[in-house]
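A.B. asks: Quick one: structure below, then a few questions.
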Amino acid sequence: MGDWGAALFEPRSVALVGASASPGKVGHVVLRNLLATYRGDVHPIHPTEPEILGRPCRASVGEVPGQVDLAVIVVPASATPAILEDCAAAGVRAAIIISGGFAEAGSDGRALQDRVAAIGGSAGIRLVGPNCFGIINVHAGLNASIGIGLPEAGGVSLFSQSGAYGMAAFSRSKDGEIGFAKVIAPGNTVDLDEVDVLRYFGEDDRTRVIAMLLESIRDGAAFVEAARAVTPHKPVIVLKTGRGESGRRAAASHTAALAGDAVVGAAALRQAGVRLVTDGLTLLDVAAALDRQPAPRGGRVAVVTNSGGTGVELADLLEGEGMTVPRLSAGLQARLREHLPAHASTENPVDLTVDWERFPTMYGETIRALLDSDEIDALIPVLLQRSALIPEVTERVIAEVAAGRERGSTIPVHVCWVGPQEAEVNRRRLLEAGIPCSPWAARAARTLSNARSSPARPVPPIGAPLAAPSGADRDGWLAPDQALRLVAEAGVPVVPWRIVETAARAIQAADLLGFPVVLKAIRPDLLHKTEAGAVRLGLANGAAVRTAARD
């Protein structure tokens, strides 16, 4: 990694090349950002202006007295190579090129980008960009980006190949939803990429959770290796876009990148312990939840609610996400009944009924009993309407979660929040206390499910290469039985199979293998079986096999 991380995220001195006195210009926005909260030296660079926003200007980076650690470049693309050469002569260690007009703009821009990469590489300047949002280090007060203002501080560090997500992260943090340590959106990624930043975030003490939006992965093997090193001690959540054909096409036009095979990539990332999500809202929700609460160690969830209908809905949604809402033991139910009305349900979901005056006590004692038990891996209190409006309920939930942590409980608590606007102050208090609040049941279930631990799985050792098989036809195709045996000999699990020639033999084979079964037709000239209707799935009995075979 060298010292690029310190130069980029902890610089002592920053030069802004392209600083502007005009409020509508990017150079003005970035300069205001730097001057607002950054505690280091800021040097505006402008060829003619004597000063901007009260700061004296220099005509070039080379004229700045002392060492410049970081240069932020917002000049036109055509002027960037000369600026970077000036930075090289001045000993700058890192540069952010916010300007666009490079590879995303066509062949001429690609040539400019290649030239910029060559200058940075030969001078040892680590580059972010071009065509990028920039970077933010919230705890250092550094905003070297086009986003106005700093997000709220926290432990989530975000790497995004979409600059717009950098700005969206800011608005989410201002709602109290999430707190950030660092944000970087590298645009065209001419140098520093997702692998470099993943390794840096993995070693960064301020980063507790890593969230990444990736349109493409430049070096898949290196990324998986880096993820394997990070995920045992720090959660990594990834949203990989470009999973479909139209998404891959859009990713290429956006940052001039290529998106890889989605299925293979997802399998490799999961094997490396990465949590994969499918949308940006869930990416930020899960990251925020893991910054505030431990990860669920399993899938058993208790639901505590003042609305029976919402409890049932949430139980269905959790089971749809692969979790369970188990019936509580008789002993635990007896403990819960000590503080609940006779008509309350204690099985799970725990329905407190509508005895409003007793809500603080009922929520508090129920949460305490569940956090002390070994029957669940996660807890979701539903605060709906009346329970959301009562400040004493909020205070009791906060107190019981804190007390549970003091007693050694690591069961995560996520609130399912269905409260009116008048209860917003209570939601904010829960968030400030480190308790995630997911609006509505679907979001609560999705967030908790994706927050589950995803340990890296060992990679089997790579054996000697297999010899080229004999018996292939002139186009290189093997007979199905030969291909399946070859795959099994290589150590790849293969489902049980049989090759038969009649419908009667197919039924006999299905009985031996066990239902349901899949039936495929075999013919030398039949390569695309699915398209030809020659694959039948989910055949549940002999009659279904006979009908499919005759077809």
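To be explicit about the labels: the chains of the structure tokens are called A, B, and onward in the order shown, and within each one the residues are counted from 1, while ligands get numbers from 1 in the order they are shown.
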May I have the residues within 10 Å of Pro11 of chain A as a PyMOL selection string, using only C-alpha atoms and disregarding those fewer than 3 positions away in the same chain?
C.D. replies: chain A and resi 4-8+14+38-41+68-71+93-94+140+142
A.B. asks: Running DSSP on the backbone, which parts of segment 35-240 of chain A land in helix (DSSP H, G or I), as an MDAnalysis selection string?
C.D. replies: chainID A and resid 35:37 61:63 77:90 103:105 107:123 138:140 163:174 194:203 220:230
A.B. asks: List the spatial neighbours of Arg115 of chain A as a ChimeraX atom specification - criterion: any atom at most 7 Å away, only C-alpha atoms, same-chain residues fewer than 4 positions off excluded.
C.D. replies: /A:81,111,119
A.B. asks: Extract, using only C-alpha atoms, all DNA, RNA and protein residues at most 6 Å from Pro186 of chain A, discarding same-chain residues fewer than 3 positions from it, and format them as a list in words.
C.D. replies: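 Everything that qualifies: Val128, Gly129, Cys132 and Thr189 of chain A.
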A.B. asks: Those same residues, written as a PDB file, in the first residue's frame with N, CA and C atoms?
C.D. replies:
```
ATOM      1  N   VAL A 128      -6.864   8.888  -8.200  1.00  0.00           N
ATOM      2  CA  VAL A 128      -8.287   8.589  -8.080  1.00  0.00           C
ATOM      3  C   VAL A 128      -8.987   9.299  -9.236  1.00  0.00           C
ATOM      4  N   GLY A 129      -9.788   8.567 -10.004  1.00  0.00           N
ATOM      5  CA  GLY A 129     -10.454   9.163 -11.149  1.00  0.00           C
ATOM      6  C   GLY A 129      -9.861   8.624 -12.425  1.00  0.00           C
ATOM      7  N   CYS A 132     -14.706  11.586 -11.687  1.00  0.00           N
ATOM      8  CA  CYS A 132     -15.112  11.001 -10.407  1.00  0.00           C
ATOM      9  C   CYS A 132     -15.734  12.006  -9.458  1.00  0.00           C
ATOM     10  N   THR A 189     -11.402   4.947 -12.712  1.00  0.00           N
ATOM     11  CA  THR A 189     -10.487   4.022 -12.032  1.00  0.00           C
ATOM     12  C   THR A 189      -9.225   3.760 -12.852  1.00  0.00           C
TER      13      THR A 189
END
```
A.B. asks: Ranking A:Ser78, A:Ser145, A:Thr231, A:Asn188 by minimum distance to Ala456 of chain A and counting only C-alpha atoms, which one comes first?
C.D. replies: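 Looking only at the distances to Ala456 of chain A, the closest residue turns out to be A:Thr231.
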A.B. asks: Go through A:Val64, A:Ala229, A:Ala441, A:Ala423 one by one, measure the shortest atom-to-atom distance of each to Gly309 of chain A using only C-alpha atoms, and give the residue with the smallest value.
C.D. replies: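 Going through A:Val64, A:Ala229, A:Ala441, A:Ala423 one by one, the smallest distance to Gly309 of chain A is for A:Ala441.
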A.B. asks: Set the distance at 12 Å and use only C-alpha atoms: which residues neighbour Ala221 of chain A once local chain neighbours fewer than 6 positions away are removed? I'd like the list as a PDB file with C-alpha atoms, in the first residue's frame.
C.D. replies:
```
ATOM      1  CA  VAL A 195      -8.848  -4.032  -4.587  1.00  0.00           C
ATOM      2  CA  ALA A 227     -11.970 -10.066   0.606  1.00  0.00           C
ATOM      3  CA  ARG A 228     -10.840 -13.355   2.159  1.00  0.00           C
ATOM      4  CA  VAL A 264     -19.563 -16.891 -11.334  1.00  0.00           C
ATOM      5  CA  GLY A 265     -18.639 -13.622  -9.637  1.00  0.00           C
ATOM      6  CA  ALA A 268     -16.716 -16.443  -5.692  1.00  0.00           C
ATOM      7  CA  LEU A 269     -17.632 -13.448  -3.548  1.00  0.00           C
ATOM      8  CA  ALA A 272     -14.873 -15.239   0.248  1.00  0.00           C
TER       9      ALA A 272
END
```
A.B. asks: Restricting the calculation to only C-alpha atoms: of A:Gly273, A:Gly149, A:Gly280, A:Pro436, which residue gets closest to Ile178 of chain A?
C.D. replies: A:Pro436
